[in-house]
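Source file data.txt; content: compact mmCIF, C-alpha atoms.
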# COMPACT_ATOMS: atom_id res chain seq x y z
CA MET A 1 -33.79 -73.73 -79.80
CA ARG A 2 -36.56 -72.90 -77.35
CA TRP A 3 -37.86 -69.33 -77.70
CA GLN A 4 -41.65 -69.29 -78.29
CA GLY A 5 -42.41 -68.60 -74.63
CA GLY A 6 -39.86 -65.81 -74.26
CA ARG A 7 -40.90 -62.27 -73.48
CA THR A 8 -41.24 -59.73 -76.26
CA GLY A 9 -39.66 -56.31 -76.05
CA GLY A 10 -42.12 -54.55 -78.34
CA GLY A 11 -39.49 -52.22 -79.76
CA VAL A 12 -38.85 -53.64 -83.22
CA GLU A 13 -39.33 -51.18 -86.06
CA ASP A 14 -40.80 -53.00 -89.04
CA ARG A 15 -40.04 -51.35 -92.39
CA ARG A 16 -40.89 -54.37 -94.51
CA GLY A 17 -43.06 -53.53 -97.47
CA MET A 18 -41.87 -49.92 -97.56
CA GLY A 19 -39.79 -50.43 -100.70
CA GLY A 20 -36.21 -49.28 -100.98
CA GLY A 21 -34.87 -50.82 -104.15
CA ALA A 22 -31.27 -51.09 -105.25
CA ILE A 23 -29.05 -48.07 -105.45
CA ALA A 24 -27.37 -47.95 -108.79
CA GLY A 25 -24.06 -46.55 -109.86
CA GLY A 26 -23.25 -47.16 -113.48
CA GLY A 27 -25.84 -49.92 -113.55
CA ILE A 28 -24.46 -51.99 -110.65
CA GLY A 29 -26.21 -52.14 -107.31
CA VAL A 30 -24.34 -51.08 -104.20
CA GLY A 31 -25.28 -54.39 -102.57
CA VAL A 32 -23.31 -56.14 -105.30
CA LEU A 33 -20.46 -53.70 -104.85
CA ALA A 34 -20.47 -54.48 -101.13
CA LEU A 35 -20.19 -58.20 -101.74
CA ILE A 36 -17.43 -57.76 -104.31
CA GLY A 37 -15.58 -55.45 -101.96
CA TYR A 38 -15.90 -57.93 -99.12
CA PHE A 39 -15.05 -61.11 -100.99
CA VAL A 40 -12.26 -59.75 -103.19
CA PHE A 41 -10.73 -56.84 -101.33
CA GLY A 42 -11.73 -57.37 -97.72
CA ILE A 43 -13.56 -54.04 -97.57
CA ASP A 44 -16.08 -53.67 -94.76
CA PRO A 45 -19.54 -53.48 -96.43
CA SER A 46 -20.48 -50.49 -94.25
CA THR A 47 -17.74 -48.52 -95.98
CA THR A 48 -19.43 -49.21 -99.32
CA THR A 49 -22.79 -47.94 -98.11
CA GLN A 50 -21.27 -44.76 -96.73
CA LEU A 51 -19.57 -44.07 -100.05
CA ALA A 52 -22.80 -44.81 -101.90
CA SER A 53 -24.73 -42.29 -99.84
CA GLN A 54 -22.03 -39.65 -100.32
CA MET A 55 -22.28 -40.25 -104.07
CA GLY A 56 -25.99 -39.48 -103.98
CA GLY A 57 -27.48 -42.93 -103.80
CA VAL A 58 -31.23 -43.42 -103.58
CA GLY A 59 -32.65 -43.90 -100.10
CA ALA A 60 -30.97 -41.09 -98.19
CA SER A 61 -34.36 -39.87 -96.90
CA GLU A 62 -35.54 -40.96 -93.48
CA GLN A 63 -37.88 -43.91 -93.20
CA GLN A 64 -40.16 -44.80 -90.30
CA GLY A 65 -41.91 -48.12 -89.90
CA GLN A 66 -44.33 -49.49 -87.38
CA VAL A 67 -42.79 -50.04 -83.94
CA GLY A 68 -43.90 -52.94 -81.77
CA THR A 69 -43.88 -56.72 -81.87
CA PRO A 70 -44.31 -58.05 -85.43
CA GLN A 71 -47.13 -60.54 -85.76
CA ASP A 72 -45.39 -62.98 -88.09
CA GLN A 73 -43.15 -65.68 -86.66
CA ALA A 74 -39.91 -64.40 -88.19
CA GLY A 75 -40.48 -60.90 -86.87
CA ARG A 76 -41.54 -62.14 -83.45
CA PHE A 77 -38.40 -64.27 -83.30
CA VAL A 78 -36.28 -61.15 -83.73
CA ASP A 79 -38.21 -59.40 -80.96
CA VAL A 80 -37.98 -62.29 -78.48
CA ILE A 81 -34.29 -62.95 -79.14
CA GLY A 82 -33.47 -59.24 -78.99
CA ALA A 83 -35.32 -58.86 -75.68
CA ASN A 84 -33.45 -61.83 -74.25
CA ILE A 85 -30.07 -60.49 -75.40
CA ASN A 86 -30.93 -57.16 -73.77
CA ASP A 87 -31.82 -58.93 -70.52
CA VAL A 88 -28.45 -60.68 -70.50
CA TRP A 89 -26.48 -57.50 -71.13
CA ALA A 90 -28.49 -55.55 -68.57
CA GLN A 91 -26.97 -57.94 -66.02
CA LYS A 92 -23.48 -57.98 -67.51
CA LEU A 93 -22.91 -54.29 -68.27
CA ASN A 94 -23.64 -51.42 -65.90
CA GLY A 95 -25.71 -48.71 -67.56
CA TYR A 96 -26.59 -50.88 -70.55
CA GLN A 97 -29.04 -49.26 -72.95
CA PRO A 98 -30.63 -51.47 -75.67
CA PRO A 99 -30.05 -50.69 -79.32
CA LYS A 100 -32.87 -49.97 -81.72
CA VAL A 101 -33.78 -52.84 -84.05
CA VAL A 102 -35.04 -52.36 -87.61
CA ILE A 103 -36.21 -55.15 -89.92
CA TYR A 104 -36.53 -54.27 -93.57
CA GLU A 105 -36.55 -55.62 -97.12
CA GLN A 106 -34.15 -54.86 -99.97
CA GLY A 107 -32.79 -51.58 -98.64
CA THR A 108 -33.33 -48.82 -96.11
CA SER A 109 -31.89 -45.54 -94.88
CA THR A 110 -29.59 -45.73 -91.86
CA GLY A 111 -27.43 -43.40 -89.83
CA CYS A 112 -24.42 -44.91 -91.64
CA GLY A 113 -25.69 -44.43 -95.17
CA TYR A 114 -27.97 -46.56 -97.27
CA GLY A 115 -28.12 -50.23 -96.24
CA GLN A 116 -28.96 -53.15 -98.51
CA SER A 117 -29.88 -56.73 -97.74
CA ALA A 118 -26.93 -58.06 -99.74
CA MET A 119 -24.64 -56.73 -97.01
CA GLY A 120 -26.23 -59.01 -94.45
CA PRO A 121 -27.22 -57.97 -90.92
CA PHE A 122 -25.26 -54.98 -89.65
CA TYR A 123 -25.00 -52.52 -86.77
CA CYS A 124 -24.76 -48.76 -87.27
CA PRO A 125 -23.03 -46.97 -84.35
CA ASN A 126 -24.20 -43.55 -85.53
CA ASP A 127 -27.83 -44.31 -84.70
CA LYS A 128 -27.16 -47.28 -82.37
CA THR A 129 -29.38 -49.53 -84.47
CA VAL A 130 -29.23 -53.17 -85.57
CA TYR A 131 -30.53 -53.61 -89.13
CA LEU A 132 -31.84 -56.99 -90.29
CA ASP A 133 -33.21 -58.12 -93.64
CA LEU A 134 -34.66 -61.48 -92.64
CA GLY A 135 -34.45 -62.79 -96.19
CA PHE A 136 -30.67 -62.69 -96.00
CA TRP A 137 -30.67 -65.64 -93.62
CA GLN A 138 -32.09 -67.78 -96.40
CA GLU A 139 -29.41 -66.52 -98.73
CA MET A 140 -26.75 -67.29 -96.14
CA GLU A 141 -28.07 -70.83 -95.84
CA ASN A 142 -28.47 -71.43 -99.58
CA GLN A 143 -25.42 -69.59 -100.88
CA LEU A 144 -22.89 -69.81 -98.06
CA GLY A 145 -23.76 -73.12 -96.44
CA ALA A 146 -24.69 -71.58 -93.09
CA SER A 147 -27.11 -73.34 -90.76
CA GLY A 148 -30.82 -72.55 -91.00
CA ALA A 149 -31.44 -73.48 -87.37
CA ASP A 150 -33.02 -70.92 -85.05
CA PHE A 151 -29.93 -70.67 -82.88
CA ALA A 152 -27.69 -70.03 -85.89
CA ARG A 153 -29.89 -67.05 -86.76
CA ALA A 154 -29.99 -65.91 -83.14
CA TYR A 155 -26.19 -66.02 -83.08
CA VAL A 156 -26.10 -63.57 -85.98
CA ILE A 157 -28.44 -61.20 -84.11
CA ALA A 158 -26.39 -61.54 -80.92
CA HIS A 159 -23.21 -60.76 -82.86
CA GLU A 160 -24.70 -57.45 -84.03
CA PHE A 161 -25.84 -56.65 -80.49
CA GLY A 162 -22.23 -57.34 -79.51
CA HIS A 163 -21.16 -54.43 -81.71
CA HIS A 164 -23.63 -52.27 -79.79
CA VAL A 165 -21.97 -53.33 -76.53
CA GLN A 166 -18.62 -52.33 -78.04
CA THR A 167 -20.02 -48.91 -78.86
CA LEU A 168 -21.31 -48.47 -75.30
CA THR A 169 -18.00 -49.53 -73.74
CA GLY A 170 -15.93 -47.34 -76.05
CA THR A 171 -14.14 -50.29 -77.63
CA SER A 172 -15.30 -49.37 -81.13
CA ASP A 173 -13.93 -45.83 -80.80
CA GLN A 174 -10.64 -47.17 -79.46
CA VAL A 175 -10.35 -49.46 -82.47
CA ARG A 176 -11.05 -46.63 -84.90
CA ARG A 177 -8.32 -44.52 -83.27
CA ALA A 178 -5.89 -47.43 -83.38
CA GLN A 179 -6.67 -47.99 -87.04
CA GLN A 180 -5.98 -44.34 -87.80
CA ARG A 181 -2.55 -44.72 -86.18
CA ALA A 182 -1.85 -48.03 -87.91
CA GLY A 183 1.21 -48.33 -90.11
CA GLY A 184 -0.72 -49.92 -92.96
CA GLN A 185 -3.92 -51.63 -94.04
CA ALA A 186 -2.84 -55.04 -92.76
CA GLU A 187 -2.37 -53.67 -89.25
CA ALA A 188 -5.68 -51.80 -89.42
CA ASN A 189 -7.38 -55.01 -90.50
CA ARG A 190 -6.04 -56.84 -87.45
CA TYR A 191 -7.98 -54.43 -85.23
CA SER A 192 -11.10 -55.03 -87.30
CA VAL A 193 -10.68 -58.79 -86.89
CA ALA A 194 -10.29 -58.43 -83.13
CA LEU A 195 -13.47 -56.34 -82.98
CA GLU A 196 -15.46 -58.90 -84.96
CA LEU A 197 -14.15 -61.87 -82.99
CA GLN A 198 -15.06 -60.12 -79.75
CA ALA A 199 -18.62 -59.71 -81.08
CA ASP A 200 -18.63 -63.47 -81.76
CA CYS A 201 -17.46 -64.09 -78.21
CA TYR A 202 -20.18 -61.80 -76.87
CA ALA A 203 -22.72 -63.84 -78.84
CA GLY A 204 -21.46 -66.90 -77.00
CA VAL A 205 -21.78 -65.08 -73.66
CA TRP A 206 -25.42 -64.34 -74.47
CA ALA A 207 -26.10 -67.97 -75.43
CA LYS A 208 -24.69 -69.21 -72.14
CA ASN A 209 -26.89 -66.86 -70.10
CA ALA A 210 -30.07 -66.91 -72.20
CA ALA A 211 -31.88 -69.52 -70.13
CA ALA A 212 -30.93 -68.01 -66.77
CA VAL A 213 -32.47 -64.60 -67.52
CA SER A 214 -35.66 -66.07 -69.00
CA ASN A 215 -36.44 -68.87 -66.55
CA GLY A 216 -35.68 -71.30 -69.34
CA GLN A 217 -38.13 -69.77 -71.82
CA VAL A 218 -35.27 -68.92 -74.18
CA ALA A 219 -32.71 -71.69 -74.14
CA LEU A 220 -30.38 -73.75 -76.26
CA GLU A 221 -31.21 -77.37 -76.91
CA PRO A 222 -28.88 -80.25 -77.80
CA GLY A 223 -27.09 -79.58 -81.07
CA ASP A 224 -27.75 -75.84 -81.10
CA ILE A 225 -24.21 -74.70 -80.36
CA GLU A 226 -23.00 -76.96 -83.17
CA GLU A 227 -25.40 -75.21 -85.56
CA GLY A 228 -23.99 -71.86 -84.47
CA MET A 229 -20.47 -73.09 -85.11
CA LYS A 230 -21.53 -74.26 -88.57
CA THR A 231 -22.57 -70.72 -89.38
CA ALA A 232 -19.40 -69.27 -87.86
CA GLN A 233 -17.43 -71.67 -90.03
CA ALA A 234 -19.35 -70.62 -93.15
CA ILE A 235 -18.75 -66.89 -92.72
CA GLY A 236 -15.04 -66.91 -91.89
CA ASP A 237 -12.91 -64.69 -94.14
CA ASP A 238 -10.86 -67.57 -95.49
CA THR A 239 -13.96 -69.59 -96.39
CA LEU A 240 -15.59 -66.58 -98.06
CA GLN A 241 -12.46 -65.75 -100.03
CA ARG A 242 -12.24 -69.32 -101.32
CA ARG A 243 -15.92 -69.26 -102.22
CA GLY A 244 -15.44 -65.95 -104.02
CA GLY A 245 -12.81 -67.56 -106.24
CA GLY A 246 -9.88 -65.60 -104.87
CA ARG A 247 -6.80 -66.65 -102.98
CA VAL A 248 -6.83 -66.71 -99.19
CA SER A 249 -5.18 -63.49 -98.06
CA PRO A 250 -4.90 -63.30 -94.23
CA GLU A 251 -3.64 -59.71 -94.34
CA SER A 252 -6.97 -58.68 -95.89
CA PHE A 253 -9.13 -60.45 -93.27
CA THR A 254 -11.62 -58.13 -91.58
CA HIS A 255 -13.74 -60.62 -89.59
CA GLY A 256 -11.41 -63.52 -88.81
CA SER A 257 -10.89 -67.00 -90.17
CA SER A 258 -13.48 -69.72 -89.80
CA ALA A 259 -11.41 -71.38 -87.08
CA GLN A 260 -11.09 -68.11 -85.16
CA ARG A 261 -14.80 -67.37 -85.35
CA VAL A 262 -15.68 -70.84 -84.08
CA GLU A 263 -13.06 -70.56 -81.32
CA TRP A 264 -14.31 -67.26 -79.94
CA LEU A 265 -17.98 -68.21 -80.14
CA GLN A 266 -17.09 -71.30 -78.12
CA ARG A 267 -14.98 -69.35 -75.66
CA GLY A 268 -17.81 -66.95 -74.88
CA TYR A 269 -20.26 -69.82 -74.51
CA GLN A 270 -18.00 -71.84 -72.26
CA SER A 271 -17.27 -68.96 -69.89
CA GLY A 272 -20.49 -66.93 -70.06
CA ASP A 273 -18.33 -63.99 -69.01
CA PRO A 274 -17.58 -60.93 -71.18
CA ALA A 275 -14.20 -60.63 -69.43
CA SER A 276 -13.12 -63.76 -71.32
CA CYS A 277 -13.56 -61.95 -74.64
CA ASP A 278 -10.26 -60.05 -74.85
CA THR A 279 -9.49 -60.60 -78.50
CA PHE A 280 -7.13 -57.64 -78.68
CA ALA A 281 -4.11 -59.20 -76.98
CA GLY A 282 -1.46 -59.20 -79.67
CA ALA A 283 -3.67 -57.46 -82.24
Would you encode the structure as structure tokens?
Amino acid sequence: MRWQGGRTGGGVEDRRGMGGGAIAGGGIGVGVLALIGYFVFGIDPSTTTQLASQMGGVGASEQQGQVGTPQDQAGRFVDVIGANINDVWAQKLNGYQPPKVVIYEQGTSTGCGYGQSAMGPFYCPNDKTVYLDLGFWQEMENQLGASGADFARAYVIAHEFGHHVQTLTGTSDQVRRAQQRAGGQAEANRYSVALELQADCYAGVWAKNAAAVSNGQVALEPGDIEEGMKTAQAIGDDTLQRRGGGRVSPESFTHGSSAQRVEWLQRGYQSGDPASCDTFAGA
């Protein structure tokens, strides 16, 4: 993926090196609880962090890092990709306002409770912030078989920005209301899956338009979309449940199957149009 010549946004908050160790509850870290909840029970990791904070977990205090463009390559990558995603959505969504972006290590305070790297990248709607522990990408590659290519990592960032778009459009609130009215957990999970697949589709929309908004400075190269699909395949609910040693339980899916995630990433990329990302039909 070509990105080195892309513009920087200068708005990344860098909390790396500020500490923020594991929260413990009976000797088990909340990051581990989040993974167990996800793999075994299909619980959204953000739910785990909220519960941890309510139970008095460490890290509830506010943290503030240095804001700007990080000087290391990994941090600069986040800034360039984030700026490019913002440029795409500024054209696609009237009144678009960029999210905040925080990079951290181990754990950090968020508007949604205490976040840990074991949860992976996540978006908090309460403070409209994307949180990234860059070390998790290596874990995703080593432990889950995801691609280590630049575009695969950019896809993950774009997916989280997609959740920000859903917050701005009101889709996230609509889903929460629908889940509250749902007749059971399986029905509520279907709305969660639709939300996540739409974020995948939005990531594809960004990828299709990245070059156009940057005069080719940020652009996919041959093989990149395949690397993104490899990651989408690796983080599907069915694949994760098999890897976690449990049975595949579609009613507990919260993010979609591997096939669904690949399909919607492709659909967004092929169309380049957010209007093609209606994942809620039949949800």
Inset, instruction - Pick out the closest residue to Ser192 (chain A) from this set: A:Thr279, A:Asp127, A:His164, A:Cys112. Count all atoms listed in the file. - result: A:Thr279
Inset, instruction - Might you pull out every residue within 12 Å of Pro98 (chain A), with all atoms listed in the file counted and same-chain residues fewer than 5 positions away left off, and present them as a ChimeraX atom specification? - result: /A:9,11-12,82-90,93,127-130,160-165,167-168
With C-alpha atoms retained, write the just-selected residues as a PDB file, in the frame of the given file.
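Written out: result.pdb:
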ATOM      1  CA  GLY A   9     -39.660 -56.310 -76.050  1.00  0.00           C
ATOM      2  CA  GLY A  11     -39.490 -52.220 -79.760  1.00  0.00           C
ATOM      3  CA  VAL A  12     -38.850 -53.640 -83.220  1.00  0.00           C
ATOM      4  CA  GLY A  82     -33.470 -59.240 -78.990  1.00  0.00           C
ATOM      5  CA  ALA A  83     -35.320 -58.860 -75.680  1.00  0.00           C
ATOM      6  CA  ASN A  84     -33.450 -61.830 -74.250  1.00  0.00           C
ATOM      7  CA  ILE A  85     -30.070 -60.490 -75.400  1.00  0.00           C
ATOM      8  CA  ASN A  86     -30.930 -57.160 -73.770  1.00  0.00           C
ATOM      9  CA  ASP A  87     -31.820 -58.930 -70.520  1.00  0.00           C
ATOM     10  CA  VAL A  88     -28.450 -60.680 -70.500  1.00  0.00           C
ATOM     11  CA  TRP A  89     -26.480 -57.500 -71.130  1.00  0.00           C
ATOM     12  CA  ALA A  90     -28.490 -55.550 -68.570  1.00  0.00           C
ATOM     13  CA  LEU A  93     -22.910 -54.290 -68.270  1.00  0.00           C
ATOM     14  CA  ASP A 127     -27.830 -44.310 -84.700  1.00  0.00           C
ATOM     15  CA  LYS A 128     -27.160 -47.280 -82.370  1.00  0.00           C
ATOM     16  CA  THR A 129     -29.380 -49.530 -84.470  1.00  0.00           C
ATOM     17  CA  VAL A 130     -29.230 -53.170 -85.570  1.00  0.00           C
ATOM     18  CA  GLU A 160     -24.700 -57.450 -84.030  1.00  0.00           C
ATOM     19  CA  PHE A 161     -25.840 -56.650 -80.490  1.00  0.00           C
ATOM     20  CA  GLY A 162     -22.230 -57.340 -79.510  1.00  0.00           C
ATOM     21  CA  HIS A 163     -21.160 -54.430 -81.710  1.00  0.00           C
ATOM     22  CA  HIS A 164     -23.630 -52.270 -79.790  1.00  0.00           C
ATOM     23  CA  VAL A 165     -21.970 -53.330 -76.530  1.00  0.00           C
ATOM     24  CA  THR A 167     -20.020 -48.910 -78.860  1.00  0.00           C
ATOM     25  CA  LEU A 168     -21.310 -48.470 -75.300  1.00  0.00           C
TER      26      LEU A 168
END
Legend entry - Gap from CA of Gly216 (chain A) to CA of Trp3 (chain A) - Å, one decimal: 8.9 Å
Inset, instruction - For each of A:Gln266, A:Gln106, A:Ser258, A:Gln174, take the minimum atom-to-atom distance to Asp224 (chain A), counting all atoms listed in the file, then give the residue where this is smallest. - result: A:Gln266
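Those residues positioned at most 10 Å from (-42.5, -56.8, -97.4) are Asp14, Arg15, Arg16, Gly17, Met18, Gly19, Ile103, Tyr104, Glu105 and Gln106 of chain A, judged using all atoms listed in the file.
For the pair CA of Val218 (chain A) and CA of Ala118 (chain A), the separation is 29.0 Å.
Closest approach to Asp133 (chain A) among A:Gly6, A:Gly115, A:Gly170, A:Pro70: A:Gly115, based on all atoms listed in the file.
Distances to Tyr202 (chain A) were evaluated for A:Thr110, A:Ile81, A:Ile157, A:Arg2 using all atoms listed in the file, and the minimum falls at A:Ile157.
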